[in-house]
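Single-structure report; data block below.
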Amino acid sequence: MSDIPRERLTGSLRRAAVKKHVAAIHVSGKLSLLQRKLSNVLLLNAYDTLTTQRSHQIDAGTLCLMIGYNSNDTATLKQSLKGLAETVAEWDMLDASGQQEWGVSSLLSYATLKNGVCEYAYSPALADKLHDPKVFALINLNIQRRFTSGHALALYENCYRFIRTGSTGWWSMEIFRRLMGLDGSSYYESFKHLNAKVIKPAVAEVNKTSNIVITPETRKRGRVVTDIRFLIKENPQLAILDLDDGAAARHGPVYARLRELGVSDRLARQWLTTHGEEQVEAKLDYVAGRKNVGSMVGYLSAALAQDYGEAAAPAKPGSARAQKLGRMQAAAQARTPTQRDADKRLFASRIDDPAARADFERFGWMSALNARAILDFWHEMDPSIYDGIEEG
């Protein structure tokens, strides 16, 4: 399964000034792998406005695409949403003033499907907890798509939020079974069965699939295992690939040139990720040699999109084509991380030509081989996107 273009929110959103203990939000119920993935996509889609908007929306087709099942299978989507609304989240932690707070809430307060759009909401109390990155770590969608076991994904989620402390701390076996959705099962009350069927396979998949490596340790009373904890460290094979938020690019000379030109931090990192430093630098040099350019950033954007060079005959800055490219890029940037990922996947699914597909995978919305189709795609998304642009 191909990756979704990487997005990493936790680092940039982490608020060091919030003085709370790292606390678990225990989710009751036996969530399926599909429901866990659905829950993460819904949270990521809503994250930026969790505490400022009462409800959130996402295109149902986009939602299905992001978690990897047929967008026509509305029955499965409805059942999964129902399961999340019936799932209870419980927390027991210190609040900002140091007072102990216990709370309980359904994972979703409601969800509706209408005209191809999924609308959903969290309770205000749960939204406040979920929005604090010290309480809940957002899961990288590239990574979660690789999991084939619900137990492994559950273990990853519950370990990953402790990556900075290096250990989950001790969990009683009762708490651990609850986190794995196994409470109420007499079979898994036996540590022998639990270890063989759940712990060992889940640890193996986390270590093979994700950006962390975990090691279980147990504590006994006599011969009975009473507690378990997991030591956590970054997986050196995957951490850079999947979790780099572009911070390394900020130290390079090409990034500095882009910023001096007025390119935003996010767009600069996106261009460097998509095209590589060498190509971006070449286009910077090319643009710097042009005269009578009204918008250097807009012209650079077009140069990257259309692969301008000394032998190329690009559209003039300010031309209808350049204006449309600018509108398209602005529209793409205005989308949420989840929507941006899904937009690319939706467009890629329409490309039949292998060379065009490869070009889009490499250059994204700045793919020269797909330029016409890309502009048409965004016009389908928003029929008014190019309003007011006169064809020359």
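Please note that chains go A, B, ... in the order of the structure tokens, that every chain numbers its residues from 1, and that ligands are numbered from 1 in the order shown.
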Problem set entry | Near-Gly388 (chain A) list (12 Å; only C-alpha atoms; drop same-chain fewer than 6 positions) as number ranges by chain | A: 320, 323-324, 327
Please produce a file of those selected residues containing C-alpha atoms, as a PDB file, in the first residue's frame.
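File produced: selection_23.pdb:
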```
ATOM      1  CA  ALA A 320      -4.037  33.452 -17.048  1.00  0.00           C
ATOM      2  CA  GLN A 323      -2.837  33.053 -12.123  1.00  0.00           C
ATOM      3  CA  LYS A 324      -4.643  29.725 -12.218  1.00  0.00           C
ATOM      4  CA  ARG A 327      -5.129  29.955  -7.212  1.00  0.00           C
TER       5      ARG A 327
END
```
Exercise. What residues in region 79-259 of chain A get the DSSP label strand (DSSP E or B)? Please answer as a ChimeraX atom specification.
Worked result: /A:88-94,100-106,110-114,117-121,167,171-172,212-221,224-234
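Comparing A:Glu119, A:Ala256, A:Lys233, A:Leu113 by their smallest distance to Ala75 (chain A), the closest is A:Leu113 (using only C-alpha atoms).
Restricting the calculation to only C-alpha atoms, the smallest distance between Lys344 (chain A) and any of A:Cys64, A:Gly364, A:Ala331, A:Ile199 is found for A:Gly364.
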Exercise. If you run DSSP on the backbone, which residues of region 332-365 of chain A are helix (DSSP H, G or I), as a PyMOL selection string?
Worked result: chain A and resi 332-334+337-348+354-365
File of the preceding selection, C-alpha atoms, as a PDB file, in the first residue's frame:
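So the final result, stored in part_1.pdb, reads:
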```pdb
ATOM      1  CA  ALA A 332      -4.387  23.159  -1.923  1.00  0.00           C
ATOM      2  CA  GLN A 333      -2.587  24.830   0.979  1.00  0.00           C
ATOM      3  CA  ALA A 334      -5.884  25.927   2.552  1.00  0.00           C
ATOM      4  CA  PRO A 337      -3.591  17.861   6.302  1.00  0.00           C
ATOM      5  CA  THR A 338      -6.039  14.981   5.919  1.00  0.00           C
ATOM      6  CA  GLN A 339      -7.848  16.658   3.030  1.00  0.00           C
ATOM      7  CA  ARG A 340      -4.552  17.469   1.264  1.00  0.00           C
ATOM      8  CA  ASP A 341      -3.467  13.852   1.486  1.00  0.00           C
ATOM      9  CA  ALA A 342      -6.796  12.601   0.181  1.00  0.00           C
ATOM     10  CA  ASP A 343      -6.905  15.177  -2.652  1.00  0.00           C
ATOM     11  CA  LYS A 344      -3.621  13.819  -3.977  1.00  0.00           C
ATOM     12  CA  ARG A 345      -4.781  10.233  -3.711  1.00  0.00           C
ATOM     13  CA  LEU A 346      -8.043  11.040  -5.481  1.00  0.00           C
ATOM     14  CA  PHE A 347      -6.232  12.745  -8.340  1.00  0.00           C
ATOM     15  CA  ALA A 348      -3.624   9.973  -8.597  1.00  0.00           C
ATOM     16  CA  PRO A 354       2.536   5.344 -15.923  1.00  0.00           C
ATOM     17  CA  ALA A 355       4.847   8.240 -16.803  1.00  0.00           C
ATOM     18  CA  ALA A 356       2.259  10.809 -15.753  1.00  0.00           C
ATOM     19  CA  ARG A 357       1.604   8.912 -12.526  1.00  0.00           C
ATOM     20  CA  ALA A 358       5.326   8.772 -11.736  1.00  0.00           C
ATOM     21  CA  ASP A 359       5.641  12.491 -12.438  1.00  0.00           C
ATOM     22  CA  PHE A 360       2.760  13.276 -10.094  1.00  0.00           C
ATOM     23  CA  GLU A 361       4.188  11.042  -7.365  1.00  0.00           C
ATOM     24  CA  ARG A 362       7.448  12.967  -7.652  1.00  0.00           C
ATOM     25  CA  PHE A 363       6.206  16.527  -8.073  1.00  0.00           C
ATOM     26  CA  GLY A 364       2.663  16.520  -6.666  1.00  0.00           C
ATOM     27  CA  TRP A 365       0.533  19.470  -7.781  1.00  0.00           C
TER      28      TRP A 365
END
```
For this session: Pick out the residues sitting within 7 Å of Ile212 (chain A), and hand them over as a PyMOL selection string; count only C-alpha atoms, and ignore anything fewer than 4 positions along from it in its own chain.
Result: chain A and resi 207+232-235
